[in-house]
>>> print(open('target-v1.cif').read())   # mmCIF, C-alpha atoms
data_run
loop_
_atom_site.label_atom_id
_atom_site.label_comp_id
_atom_site.auth_asym_id
_atom_site.auth_seq_id
_atom_site.Cartn_x
_atom_site.Cartn_y
_atom_site.Cartn_z
CA MET A 8 -5.10 6.29 26.37
CA THR A 9 -8.40 5.41 24.64
CA PRO A 10 -10.26 8.36 23.04
CA ASN A 11 -13.62 9.27 24.55
CA PRO A 12 -16.25 8.03 22.03
CA ASP A 13 -18.32 11.15 22.69
CA LEU A 14 -15.52 13.60 21.86
CA LEU A 15 -15.32 14.83 18.27
CA ALA A 16 -12.72 17.24 16.95
CA ALA A 17 -14.04 20.33 15.20
CA SER A 18 -11.39 20.13 12.48
CA LEU A 19 -8.85 17.71 11.05
CA ALA A 20 -6.05 19.89 12.41
CA GLU A 21 -7.43 19.51 15.94
CA PHE A 22 -7.85 15.75 15.44
CA ARG A 23 -4.24 15.43 14.25
CA GLU A 24 -2.83 17.44 17.15
CA GLN A 25 -4.62 15.39 19.83
CA PRO A 26 -5.30 11.93 18.36
CA ASP A 27 -5.57 10.33 21.81
CA GLN A 28 -8.38 12.65 22.84
CA TYR A 29 -10.80 12.51 19.91
CA VAL A 30 -12.46 9.48 18.40
CA SER A 31 -13.15 11.31 15.12
CA VAL A 32 -13.85 14.63 13.42
CA ALA A 33 -17.38 15.96 13.62
CA GLY A 34 -19.35 14.65 10.64
CA VAL A 35 -16.72 12.05 9.68
CA PRO A 36 -16.95 8.27 10.37
CA PRO A 37 -14.12 7.19 12.73
CA GLU A 38 -12.81 4.60 10.25
CA ILE A 39 -12.38 7.35 7.64
CA ALA A 40 -11.08 9.95 10.11
CA ALA A 41 -8.19 7.64 11.00
CA ARG A 42 -7.00 7.80 7.39
CA LEU A 43 -7.40 11.53 6.75
CA PRO A 44 -4.18 12.74 8.46
CA GLY A 45 -2.16 10.43 6.25
CA PHE A 46 -3.89 11.74 3.13
CA ALA A 47 -3.14 15.31 4.23
CA ASP A 48 0.54 14.39 4.57
CA PHE A 49 0.56 13.67 0.84
CA GLY A 50 -0.53 17.21 0.06
CA ILE A 51 -4.32 16.88 0.02
CA ASP A 52 -5.89 19.95 1.62
CA SER A 53 -7.21 19.13 5.11
CA GLU A 54 -10.31 21.29 4.91
CA THR A 55 -11.21 19.90 1.51
CA LEU A 56 -10.89 16.34 2.81
CA VAL A 57 -13.38 16.96 5.61
CA GLU A 58 -15.65 18.94 3.29
CA ALA A 59 -15.71 16.08 0.79
CA VAL A 60 -16.52 13.41 3.37
CA ARG A 61 -19.33 15.51 4.82
CA ALA A 62 -20.63 16.15 1.29
CA ALA A 63 -21.26 12.42 0.92
CA GLY A 64 -24.41 12.86 3.00
CA PRO A 65 -25.71 12.00 6.46
CA GLN A 66 -25.00 8.26 6.11
CA MET A 67 -21.39 8.68 5.11
CA GLY A 68 -18.92 5.95 4.30
CA PRO A 69 -17.66 4.04 1.26
CA ALA A 70 -20.50 1.50 1.44
CA THR A 71 -23.20 4.17 0.95
CA PRO A 72 -24.50 5.07 -2.55
CA SER A 73 -23.61 8.75 -2.20
CA TRP A 74 -19.93 8.17 -1.41
CA THR A 75 -18.51 7.38 -4.84
CA PRO A 76 -20.19 10.17 -6.86
CA ALA A 77 -19.28 12.72 -4.18
CA MET A 78 -15.58 11.80 -4.32
CA MET A 79 -15.57 11.47 -8.11
CA SER A 80 -16.81 15.04 -8.44
CA TYR A 81 -13.63 16.27 -6.76
CA GLY A 82 -11.54 14.09 -9.07
CA ASP A 83 -13.35 15.42 -12.13
CA ALA A 84 -12.71 19.01 -11.04
CA ARG A 85 -8.99 18.36 -10.57
CA SER A 86 -8.82 16.61 -13.96
CA VAL A 87 -10.23 19.72 -15.60
CA GLU A 88 -7.54 21.76 -13.85
CA GLY A 89 -4.93 19.36 -15.20
CA GLU A 90 -6.20 19.72 -18.75
CA ARG A 91 -6.10 23.51 -18.45
CA ALA A 92 -2.55 23.37 -17.14
CA GLU A 93 -1.48 21.15 -20.02
CA ALA A 94 -3.10 23.54 -22.48
CA MET A 95 -0.97 26.30 -20.93
CA GLN A 96 2.11 24.00 -21.10
CA ASP A 97 2.50 24.17 -17.33
CA GLY A 98 3.81 20.67 -16.63
CA VAL A 99 4.30 21.23 -12.90
CA ALA A 100 0.69 22.31 -12.38
CA ALA A 101 -0.60 19.54 -14.65
CA GLU A 102 1.30 16.87 -12.72
CA ARG A 103 -0.01 18.18 -9.41
CA ALA A 104 -3.62 18.43 -10.62
CA PHE A 105 -3.77 15.00 -12.24
CA LEU A 106 -2.03 13.36 -9.28
CA GLU A 107 -4.59 14.89 -6.93
CA ALA A 108 -7.37 13.80 -9.29
CA SER A 109 -6.02 10.25 -9.07
CA PHE A 110 -6.28 10.51 -5.28
CA TRP A 111 -9.96 11.53 -5.35
CA TYR A 112 -10.77 8.68 -7.72
CA PHE A 113 -8.90 6.34 -5.36
CA LEU A 114 -11.06 7.62 -2.51
CA ALA A 115 -14.17 7.14 -4.66
CA ARG A 116 -13.48 3.39 -5.02
CA PHE A 117 -12.02 3.00 -1.49
CA PRO A 118 -11.55 0.52 0.15
CA HIS A 119 -12.11 -1.77 -2.84
CA ILE A 120 -14.36 -2.01 -5.88
CA LEU A 121 -17.65 -2.78 -4.15
CA HIS A 122 -20.05 -1.77 -6.97
CA PRO A 123 -20.04 -0.66 -10.65
CA ALA A 124 -19.53 3.01 -9.78
CA GLY A 125 -16.37 2.02 -7.92
CA ALA A 126 -15.11 0.26 -11.04
CA GLU A 127 -15.63 3.45 -13.04
CA ALA A 128 -13.79 5.44 -10.37
CA TYR A 129 -10.83 3.06 -10.62
CA GLU A 130 -10.70 3.43 -14.40
CA ARG A 131 -10.64 7.22 -14.03
CA HIS A 132 -7.97 6.88 -11.37
CA LYS A 133 -5.65 5.00 -13.73
CA VAL A 134 -6.18 7.54 -16.49
CA ALA A 135 -5.47 10.45 -14.14
CA TYR A 136 -2.33 8.83 -12.72
CA LEU A 137 -0.91 8.13 -16.16
CA ARG A 138 -1.77 11.69 -17.26
CA ALA A 139 0.24 12.93 -14.26
CA ALA A 140 3.03 10.50 -15.17
CA ARG A 141 3.63 12.32 -18.45
CA HIS A 142 5.20 15.06 -16.34
CA PHE A 143 7.14 12.95 -13.81
CA ARG A 144 10.88 13.35 -13.63
CA ASN A 145 10.98 9.55 -13.73
CA PRO A 146 8.32 8.50 -16.27
CA VAL A 147 6.14 5.41 -15.96
CA GLU A 148 6.56 2.48 -18.32
CA ARG A 149 4.19 -0.48 -18.45
CA PHE A 150 5.96 -3.74 -17.55
CA GLU A 151 4.34 -7.14 -17.99
CA ALA A 152 5.23 -10.61 -16.73
CA PRO A 153 3.53 -13.80 -17.97
CA LEU A 154 1.36 -15.67 -15.45
CA GLU A 155 -1.49 -18.06 -16.04
CA PRO A 156 -4.30 -17.15 -16.56
CA GLY A 157 -3.07 -13.78 -17.83
CA VAL A 158 -0.25 -11.33 -17.16
CA VAL A 159 1.07 -9.41 -14.20
CA THR A 160 1.01 -5.69 -14.97
CA ALA A 161 3.42 -3.35 -13.19
CA TYR A 162 4.55 0.25 -13.49
CA LEU A 163 8.30 0.57 -14.07
CA ARG A 164 10.23 3.74 -13.26
CA LEU A 165 13.96 4.17 -13.80
CA PRO A 166 16.35 6.56 -12.03
CA THR A 167 17.72 9.52 -13.91
CA GLY A 168 21.21 9.42 -15.38
CA PRO A 169 23.20 6.66 -17.11
CA ALA A 170 22.47 3.07 -16.10
CA PRO A 171 25.17 1.17 -14.18
CA LYS A 172 27.20 -1.28 -16.25
CA ASP A 173 25.54 -4.27 -14.62
CA GLY A 174 22.06 -2.75 -14.63
CA TRP A 175 19.97 -0.88 -12.09
CA PRO A 176 19.30 -2.24 -8.63
CA LEU A 177 15.55 -2.82 -8.44
CA VAL A 178 12.82 -2.75 -5.81
CA ALA A 179 9.44 -4.33 -6.50
CA LEU A 180 6.80 -2.71 -4.32
CA TRP A 181 3.10 -3.12 -3.68
CA GLY A 182 0.38 -1.93 -1.34
CA GLY A 183 -2.39 -3.71 0.52
CA ILE A 184 -6.10 -4.37 0.23
CA ASP A 185 -7.04 -0.73 -0.33
CA VAL A 186 -3.83 1.02 -1.49
CA TRP A 187 -2.84 -0.15 -4.97
CA LYS A 188 0.13 0.32 -7.27
CA SER A 189 -0.68 3.85 -8.48
CA ASP A 190 -1.92 5.29 -5.19
CA LEU A 191 -0.08 8.07 -3.40
CA GLU A 192 1.63 5.95 -0.73
CA ILE A 193 3.27 3.65 -3.28
CA HIS A 194 4.03 6.55 -5.62
CA SER A 195 5.74 8.44 -2.80
CA GLN A 196 7.80 5.46 -1.64
CA SER A 197 8.80 4.88 -5.26
CA ASN A 198 10.04 8.47 -5.48
CA ALA A 199 12.18 7.99 -2.36
CA LEU A 200 13.79 4.88 -3.86
CA LEU A 201 14.37 6.52 -7.23
CA ARG A 202 16.17 9.43 -5.55
CA ARG A 203 18.61 6.90 -4.14
CA GLY A 204 19.36 5.32 -7.51
CA MET A 205 17.06 2.29 -7.43
CA ALA A 206 14.59 1.39 -10.18
CA THR A 207 11.06 0.57 -9.02
CA LEU A 208 8.39 -1.86 -10.19
CA ALA A 209 5.01 -1.07 -8.64
CA VAL A 210 2.50 -3.93 -8.82
CA ASP A 211 -0.91 -4.74 -7.36
CA MET A 212 -0.94 -7.36 -4.65
CA PRO A 213 -3.21 -10.37 -5.30
CA GLY A 214 -6.91 -9.58 -5.34
CA THR A 215 -6.50 -5.88 -6.09
CA GLY A 216 -6.26 -3.55 -9.06
CA GLU A 217 -5.11 -5.35 -12.20
CA SER A 218 -3.88 -8.49 -10.43
CA PRO A 219 -4.89 -11.62 -12.38
CA VAL A 220 -5.41 -13.79 -9.27
CA PRO A 221 -7.26 -13.37 -5.96
CA VAL A 222 -5.75 -13.76 -2.51
CA ALA A 223 -5.07 -17.44 -1.80
CA PRO A 224 -2.36 -19.42 0.03
CA ASP A 225 -0.26 -19.62 -3.16
CA ALA A 226 -0.98 -16.13 -4.53
CA GLU A 227 2.63 -15.00 -4.02
CA ARG A 228 3.12 -16.50 -7.48
CA VAL A 229 2.14 -13.04 -8.75
CA ILE A 230 5.24 -11.58 -7.10
CA ALA A 231 7.42 -14.54 -8.10
CA ALA A 232 6.41 -14.15 -11.76
CA LEU A 233 7.21 -10.44 -11.69
CA LEU A 234 10.62 -11.05 -10.13
CA ALA A 235 11.42 -13.78 -12.65
CA SER A 236 10.74 -11.41 -15.54
CA ALA A 237 12.74 -8.64 -13.87
CA ARG A 238 15.74 -10.93 -13.37
CA ALA A 239 15.67 -11.79 -17.07
CA ASP A 240 15.62 -8.09 -18.06
CA ARG A 241 19.11 -6.76 -18.74
CA ARG A 242 18.16 -3.28 -17.58
CA PHE A 243 18.33 -4.61 -14.02
CA ASP A 244 21.06 -6.19 -11.95
CA ALA A 245 19.54 -9.60 -11.12
CA THR A 246 21.81 -9.87 -8.07
CA ARG A 247 20.49 -6.65 -6.51
CA ILE A 248 16.72 -6.94 -6.14
CA GLY A 249 14.56 -6.07 -3.15
CA CYS A 250 10.89 -5.98 -2.23
CA TYR A 251 8.57 -3.71 -0.26
CA GLY A 252 5.04 -4.52 0.92
CA LEU A 253 2.67 -2.08 2.63
CA SER A 254 -0.12 -3.14 4.99
CA PHE A 255 -1.55 -6.50 3.82
CA GLY A 256 1.12 -6.30 1.14
CA GLY A 257 3.63 -6.77 3.96
CA HIS A 258 2.33 -10.33 4.28
CA TRP A 259 3.53 -11.15 0.76
CA ALA A 260 6.83 -9.34 1.38
CA ALA A 261 7.51 -11.40 4.51
CA LYS A 262 6.53 -14.57 2.67
CA MET A 263 8.88 -13.76 -0.21
CA ALA A 264 11.69 -13.21 2.30
CA LEU A 265 11.19 -16.83 3.36
CA LEU A 266 10.76 -18.24 -0.15
CA ASP A 267 13.32 -16.23 -2.16
CA ARG A 268 16.54 -15.88 -0.20
CA ASN A 269 18.29 -14.37 -3.21
CA LEU A 270 16.49 -11.12 -2.47
CA LYS A 271 18.94 -8.59 -1.05
CA GLY A 272 16.42 -6.77 1.15
CA VAL A 273 12.72 -7.08 1.99
CA VAL A 274 10.53 -4.56 3.83
CA ASN A 275 7.27 -5.39 5.58
CA VAL A 276 5.30 -2.34 6.73
CA GLY A 277 2.39 -3.45 8.91
CA GLY A 278 1.80 -6.84 7.29
CA PRO A 279 -0.19 -9.71 8.85
CA ILE A 280 1.91 -12.77 9.64
CA HIS A 281 0.21 -14.99 12.22
CA HIS A 282 -1.82 -13.27 14.96
CA ALA A 283 -3.87 -11.18 12.51
CA PHE A 284 -5.31 -14.36 10.97
CA GLN A 285 -6.82 -15.67 14.20
CA PRO A 286 -10.66 -15.80 14.11
CA ALA A 287 -11.17 -13.56 17.15
CA TRP A 288 -9.04 -10.80 15.62
CA VAL A 289 -10.78 -11.03 12.24
CA ALA A 290 -14.21 -10.87 13.91
CA ALA A 291 -13.32 -7.58 15.63
CA LEU A 292 -12.20 -5.76 12.46
CA PRO A 293 -14.32 -2.83 11.19
CA PHE A 294 -16.77 -3.54 8.40
CA GLY A 295 -14.77 -1.65 5.77
CA ALA A 296 -11.73 -3.84 6.40
CA LYS A 297 -13.83 -6.99 6.31
CA ALA A 298 -15.45 -5.90 3.05
CA ALA A 299 -12.08 -5.35 1.40
CA LEU A 300 -10.69 -8.60 2.82
CA ALA A 301 -13.66 -10.42 1.32
CA ARG A 302 -13.26 -8.76 -2.08
CA VAL A 303 -9.56 -9.61 -2.41
CA GLN A 304 -10.56 -13.26 -2.01
CA SER A 305 -13.44 -12.97 -4.51
CA LEU A 306 -15.94 -13.33 -1.65
CA ASP A 307 -19.05 -11.28 -0.95
CA ALA A 308 -18.65 -9.28 2.25
CA ARG A 309 -22.18 -10.05 3.49
CA ALA A 310 -23.19 -13.31 1.81
CA ASP A 311 -19.89 -15.02 2.60
CA ALA A 312 -19.31 -13.50 6.05
CA GLU A 313 -19.00 -16.90 7.72
CA ARG A 314 -16.26 -17.92 5.24
CA LEU A 315 -14.04 -14.90 5.83
CA ALA A 316 -12.17 -16.02 8.96
CA PRO A 317 -11.56 -19.65 7.84
CA SER A 318 -10.40 -18.43 4.45
CA LEU A 319 -7.97 -15.94 5.98
CA ALA A 320 -6.69 -18.54 8.44
CA ARG A 321 -5.15 -20.43 5.49
CA LEU A 322 -2.73 -17.50 5.00
CA ASP A 323 -1.13 -17.80 8.45
CA LEU A 324 2.59 -18.32 7.75
CA VAL A 325 2.90 -20.54 10.82
CA ALA A 326 -0.06 -22.68 9.76
CA GLN A 327 1.44 -22.94 6.27
CA GLY A 328 4.58 -24.45 7.77
CA LEU A 329 6.85 -21.62 6.61
CA LEU A 330 7.67 -20.77 10.23
CA PRO A 331 9.82 -21.79 11.95
CA ALA A 332 12.55 -21.45 9.33
CA SER A 333 16.33 -21.49 9.47
CA ARG A 334 16.76 -18.13 7.78
CA SER A 335 15.26 -15.60 5.38
CA ALA A 336 16.33 -12.83 3.07
CA PRO A 337 17.30 -9.66 4.99
CA LEU A 338 14.09 -8.30 6.48
CA LEU A 339 13.01 -4.94 7.92
CA SER A 340 9.62 -4.81 9.67
CA VAL A 341 7.92 -1.49 10.44
CA ASN A 342 4.67 -0.64 12.25
CA GLY A 343 2.94 1.41 14.90
CA GLU A 344 2.50 -0.27 18.27
CA ARG A 345 -1.15 0.82 18.42
CA ASP A 346 -2.10 -0.78 15.12
CA GLU A 347 -5.84 -1.41 15.11
CA LEU A 348 -5.87 -3.64 12.00
CA VAL A 349 -2.82 -5.89 12.45
CA PRO A 350 -1.63 -6.87 15.97
CA ILE A 351 1.76 -5.39 16.75
CA ALA A 352 2.70 -8.90 17.92
CA ASP A 353 2.96 -9.88 14.24
CA LEU A 354 5.97 -7.61 13.86
CA ASP A 355 7.89 -9.82 16.32
CA VAL A 356 6.94 -13.26 14.98
CA PHE A 357 10.09 -13.71 12.88
CA SER A 358 12.26 -12.76 15.85
CA GLU A 359 10.39 -15.14 18.13
CA TYR A 360 11.23 -17.95 15.73
CA GLY A 361 14.90 -17.00 15.78
CA ILE A 362 15.05 -15.35 12.35
CA PRO A 363 17.13 -12.13 12.41
CA GLN A 364 15.29 -9.03 11.29
CA ASP A 365 15.55 -5.28 11.71
CA ARG A 366 12.54 -3.74 13.46
CA LEU A 367 11.25 -0.17 13.53
CA LYS A 368 8.36 0.48 15.93
CA PHE A 369 6.56 3.75 16.61
CA ALA A 370 5.14 3.68 20.12
CA ASP A 371 2.19 6.04 19.71
CA ASP A 372 1.28 5.31 16.09
CA ARG A 373 -1.40 3.27 14.36
CA HIS A 374 -1.51 0.92 11.35
CA VAL A 375 1.57 1.21 9.08
CA ALA A 376 2.83 4.00 11.36
CA SER A 377 0.95 6.44 9.16
CA ARG A 378 1.54 9.46 11.39
CA ASN A 379 5.29 8.96 10.93
CA TRP A 380 5.12 8.12 7.23
CA ARG A 381 7.83 10.55 6.09
CA LEU A 382 10.25 9.21 8.72
CA HIS A 383 9.93 5.56 7.82
CA GLU A 384 9.61 6.27 4.09
CA ALA A 385 13.13 7.73 4.16
CA PHE A 386 14.41 5.09 6.61
CA VAL A 387 13.12 2.28 4.37
CA ALA A 388 14.69 3.82 1.26
CA ASP A 389 18.04 4.18 3.02
CA TRP A 390 17.84 0.63 4.39
CA LEU A 391 17.09 -0.85 0.97
CA SER A 392 19.81 1.25 -0.62
CA SER A 393 22.35 -0.17 1.84
CA LYS A 394 21.17 -3.76 1.27
CA LEU A 395 21.17 -3.49 -2.52
CA ARG A 396 24.74 -2.26 -2.74
CA ARG A 397 26.92 -4.63 -4.72
CA GLY A 398 28.65 -7.32 -2.70
CA LEU A 399 26.49 -7.43 0.42
CA ALA A 400 25.61 -10.82 1.87
CA SER A 401 21.99 -12.00 1.69
CA ASP A 402 21.77 -14.59 4.45
CA GLY A 403 19.86 -12.61 7.04
CA ALA A 404 19.33 -9.10 8.33
CA SER A 405 21.45 -7.66 11.10
#
>>> encode(input="target-v1.cif", output="C-alpha cells")
Amino acid sequence: MTPNPDLLAASLAEFREQPDQYVSVAGVPPEIAARLPGFADFGIDSETLVEAVRAAGPQMGPATPSWTPAMMSYGDARSVEGERAEAMQDGVAAERAFLEASFWYFLARFPHILHPAGAEAYERHKVAYLRAARHFRNPVERFEAPLEPGVVTAYLRLPTGPAPKDGWPLVALWGGIDVWKSDLEIHSQSNALLRRGMATLAVDMPGTGESPVPVAPDAERVIAALLASARADRRFDATRIGCYGLSFGGHWAAKMALLDRNLKGVVNVGGPIHHAFQPAWVAALPFGAKAALARVQSLDARADAERLAPSLARLDLVAQGLLPASRSAPLLSVNGERDELVPIADLDVFSEYGIPQDRLKFADDRHVASRNWRLHEAFVADWLSSKLRRGLASDGAS
C-alpha cells in the first residue's frame, strides 16, 4: 500500500502506528519523518523530535541554513544537563545526557558535513560521545591502524571480565553514509555484541567521519588495514574476527566477505551490492541521499550531479568482477522488503550467484529494517556470537 501524499499524521505516534497510511508528520519533510521512528526507538523523546524539526523553520531540512543551529541548540542543552549531572556525581544521568547530546549534534550535521556549521556540529558530537563514554560499563579506547595517507581511527570497547586465554573474539563494525562510528545505531549494536562477550571496533566507513580516504572502488583498504592491526594485537583472537556493516556500510561488509575468507562471520544490513548502483535507481533517490553519496566521494552534490551515477557504478560488485565467486566468508544479509534506498533485490544477489548466505527479511519494513531494529540487533549479535565460537568452519554460511 502506498501512502496518500495528502495525508499527514498529527503526531509521530500516529505516524508510527499507521506507516502505510501517512506520507509524513505534519510540519516534517517526508525524508526526515521516515527516520524519526528509529530515533525514538533509541530513547529520543518523540514529541521533542517533532518539535525540533518544526523549529528549524518553514523550509525545513538538513540543506537549509536554519537546520544545523536549531538541532545544535538541543545538543547544547543536553550537554549542560550532562555537566550538571557530573558535578553531582550522577554517572547514570551524565551518560544519558551526553549520549542524547551526541544524537542532537549528529542530527545537526545529518546526513553529512555539507557546510562549516555541520563540521562544528560533528566536532561537538565527538566530544559529547566521549564525555558519555566516561560512564559506559565498557569504556571507549582509541585504536589506530596505519594507512597511507594517514591512520584509520576506531573506537575499541572490551567486554567486562577476564580476557580469554587466546584473546577476545572481535567484531569490527561501521555505519553508512550518514550514520558514523559514534552514532546511536552503531553504539547500540556494539552494546549487544559486548553483552555476548565480543570486543568491538567501531570505525567510519570510507568518506565519512574520520576516515582518511573517500569512497572509491578500492576503499575497502580502510577496513583491511583495521583488521590487519587487530589481528596483530594480542588482546584479540586473530582466528575469531567478524564484521558488521549498516546501510551503505553493508556494501563494504559484503565485499570483505568475498575478499577475506578468514573472517568467521560477516553481516550486511541493507547494503548496496549491484542493483542499487544502476543509473535509473540512483537518479530516483531523494536529494538528501544524493548529497551524502556525493560527499562520501568528495564530490559536490550540485556541481558534480552528472558524475554521481557513473562514479557509483564503479562500486557494483558484479561490474568489479567479484561476482560470481566460488565462496565467501559466512554472510548474513538483513533488510526490509520495502527499502526505498537500496533495492531489496540486492539482498538476494549472493544467493543468485550460488554463494550460501543467511537472509533475514522483514516484509513490511523499510531501509535497514529500522522498524524492527531491536529484533535484528539481537538476532545479528546472536548470529555473530555463534560464528565466532572457537572451532567453527569459515567456508560459507549455512
>>> resolve_selection(input="target-v1.cif", expression="the PyMOL selection byres ((chain A and resi 138) around 10)", output="list in words")
Ser86, Gly89, Glu90, Glu93, Ala101, Glu102, Ala104, Phe105, Leu106, Ala108, Ser109, His132, Lys133, Val134, Ala135, Tyr136, Leu137, Ala139, Ala140, Arg141, His142 and Phe143 of chain A
>>> residues_around(input="target-v1.cif", residues="A:Ala299", least_positions_apart="5", cutoff="10 Å", atoms="only C-alpha atoms", output="VMD selection string")
chain A and resid 117 to 121 183 to 185 214 to 215 294 304 to 308
>>> atom_distance(input="target-v1.cif", atom1="atom CA of A:Arg144", atom2="atom CA of A:Val159")
24.8 Å
>>> residues_around(input="target-v1.cif", residues="A:Ala370", least_positions_apart="4", cutoff="8 Å", atoms="only C-alpha atoms", output="list of chain:residue names")
A:Gly343, A:Glu344, A:Arg345
>>> atom_distance(input="target-v1.cif", atom1="atom CA of A:Ala245", atom2="atom CA of A:His258")
23.1 Å
>>> resolve_selection(input="target-v1.cif", expression="the PyMOL selection byres ((chain A and resi 210) around 12)", output="PyMOL selection string")
chain A and resi 149-152+158-164+178-183+186-190+193-194+197+207-209+211-219+229-234+250-253+256
>>> resolve_selection(input="target-v1.cif", expression="the PyMOL selection byres ((chain A and resi 171) around 12)", output="MDAnalysis selection string")
chainID A and resid 165:170 172:177 204:206 241:244 247 396:397
>>> closest_residue(input="target-v1.cif", among="A:Gly272, A:Gly98, A:Pro36, A:Pro224", to="A:Leu322", atoms="all atoms listed in the file")
A:Pro224
>>> closest_residue(input="target-v1.cif", among="A:Ser333, A:Asn145, A:Gln285, A:Gln28", to="A:Ser358", atoms="all atoms listed in the file")
A:Ser333
>>> residues_around(input="target-v1.cif", residues="A:Asp365", least_positions_apart="4", cutoff="12 Å", atoms="all atoms listed in the file", output="NGL selection string")
:A and (272-276 or 336-342 or 354-355 or 357-358 or 386-387 or 390-391 or 394 or 403-405)
>>> atom_distance(input="target-v1.cif", atom1="atom CA of A:Met79", atom2="atom CA of A:Ala199")
28.6 Å
>>> closest_residue(input="target-v1.cif", among="A:Ala124, A:Pro286, A:Ser31, A:Phe255", to="A:Ser73", atoms="only C-alpha atoms")
A:Ala124
>>> residues_around(input="target-v1.cif", residues="A:Ala283", least_positions_apart="5", cutoff="12 Å", atoms="all atoms listed in the file", output="list in words")
Ser254, Phe255, His258, Gly277, Gly278, Trp288, Val289, Ala290, Ala291, Leu292, Ala316, Leu319, Ala320, Arg321, Leu322, Asp323, Leu324, Val325, Asp346, Glu347, Leu348, Val349, Pro350, Ile351, Ala352, Asp353, Leu354 and Val356 of chain A
>>> write_last_selection(input="target-v1.cif", atoms="C-alpha atoms", output="JSON list (two decimals), in the frame of the given file")
[["chain", "number", "residue", "atom", "x", "y", "z"],
["A", 254, "SER", "CA", -0.12, -3.14, 4.99],
["A", 255, "PHE", "CA", -1.55, -6.50, 3.82],
["A", 258, "HIS", "CA", 2.33, -10.33, 4.28],
["A", 277, "GLY", "CA", 2.39, -3.45, 8.91],
["A", 278, "GLY", "CA", 1.80, -6.84, 7.29],
["A", 288, "TRP", "CA", -9.04, -10.80, 15.62],
["A", 289, "VAL", "CA", -10.78, -11.03, 12.24],
["A", 290, "ALA", "CA", -14.21, -10.87, 13.91],
["A", 291, "ALA", "CA", -13.32, -7.58, 15.63],
["A", 292, "LEU", "CA", -12.20, -5.76, 12.46],
["A", 316, "ALA", "CA", -12.17, -16.02, 8.96],
["A", 319, "LEU", "CA", -7.97, -15.94, 5.98],
["A", 320, "ALA", "CA", -6.69, -18.54, 8.44],
["A", 321, "ARG", "CA", -5.15, -20.43, 5.49],
["A", 322, "LEU", "CA", -2.73, -17.50, 5.00],
["A", 323, "ASP", "CA", -1.13, -17.80, 8.45],
["A", 324, "LEU", "CA", 2.59, -18.32, 7.75],
["A", 325, "VAL", "CA", 2.90, -20.54, 10.82],
["A", 346, "ASP", "CA", -2.10, -0.78, 15.12],
["A", 347, "GLU", "CA", -5.84, -1.41, 15.11],
["A", 348, "LEU", "CA", -5.87, -3.64, 12.00],
["A", 349, "VAL", "CA", -2.82, -5.89, 12.45],
["A", 350, "PRO", "CA", -1.63, -6.87, 15.97],
["A", 351, "ILE", "CA", 1.76, -5.39, 16.75],
["A", 352, "ALA", "CA", 2.70, -8.90, 17.92],
["A", 353, "ASP", "CA", 2.96, -9.88, 14.24],
["A", 354, "LEU", "CA", 5.97, -7.61, 13.86],
["A", 356, "VAL", "CA", 6.94, -13.26, 14.98]]
>>> closest_residue(input="target-v1.cif", among="A:Val30, A:Ile248, A:Pro279, A:Pro69", to="A:His374", atoms="all atoms listed in the file")
A:Pro279
>>> residues_around(input="target-v1.cif", residues="A:Ala17", least_positions_apart="3", cutoff="12 Å", atoms="all atoms listed in the file", output="JSON, numbers by chain")
{"A": [14, 20, 21, 22, 23, 24, 25, 29, 30, 31, 32, 33, 34, 35, 40, 54, 57]}
>>> closest_residue(input="target-v1.cif", among="A:Val375, A:Ile280, A:Arg366, A:Ala226", to="A:Val303", atoms="all atoms listed in the file")
A:Ala226
>>> build_atoms(input="target-v1.cif", residues="stretch 214-225 of chain A", atoms="N, CA and C atoms", output="CSV table (one decimal), in the coordinates of the input")
chain,number,residue,atom,x,y,z
A,214,GLY,N,-5.6,-10.0,-5.7
A,214,GLY,CA,-6.9,-9.6,-5.3
A,214,GLY,C,-7.2,-8.1,-5.5
A,215,THR,N,-6.3,-7.3,-6.0
A,215,THR,CA,-6.5,-5.9,-6.1
A,215,THR,C,-6.1,-5.4,-7.5
A,216,GLY,N,-6.6,-4.2,-7.8
A,216,GLY,CA,-6.3,-3.6,-9.1
A,216,GLY,C,-6.3,-4.4,-10.3
A,217,GLU,N,-5.2,-4.6,-11.0
A,217,GLU,CA,-5.1,-5.4,-12.2
A,217,GLU,C,-4.5,-6.7,-12.0
A,218,SER,N,-4.4,-7.2,-10.7
A,218,SER,CA,-3.9,-8.5,-10.4
A,218,SER,C,-4.7,-9.6,-11.1
A,219,PRO,N,-4.1,-10.6,-11.7
A,219,PRO,CA,-4.9,-11.6,-12.4
A,219,PRO,C,-5.4,-12.7,-11.5
A,220,VAL,N,-5.0,-12.7,-10.2
A,220,VAL,CA,-5.4,-13.8,-9.3
A,220,VAL,C,-5.9,-13.2,-7.9
A,221,PRO,N,-6.8,-13.8,-7.3
A,221,PRO,CA,-7.3,-13.4,-6.0
A,221,PRO,C,-6.3,-13.8,-4.9
A,222,VAL,N,-6.5,-13.3,-3.7
A,222,VAL,CA,-5.8,-13.8,-2.5
A,222,VAL,C,-6.0,-15.2,-2.3
A,223,ALA,N,-5.0,-16.0,-2.1
A,223,ALA,CA,-5.1,-17.4,-1.8
A,223,ALA,C,-3.7,-17.8,-1.2
A,224,PRO,N,-3.6,-19.0,-0.6
A,224,PRO,CA,-2.4,-19.4,0.0
A,224,PRO,C,-1.2,-19.4,-0.9
A,225,ASP,N,-1.4,-19.6,-2.2
A,225,ASP,CA,-0.3,-19.6,-3.2
A,225,ASP,C,-0.2,-18.4,-4.0
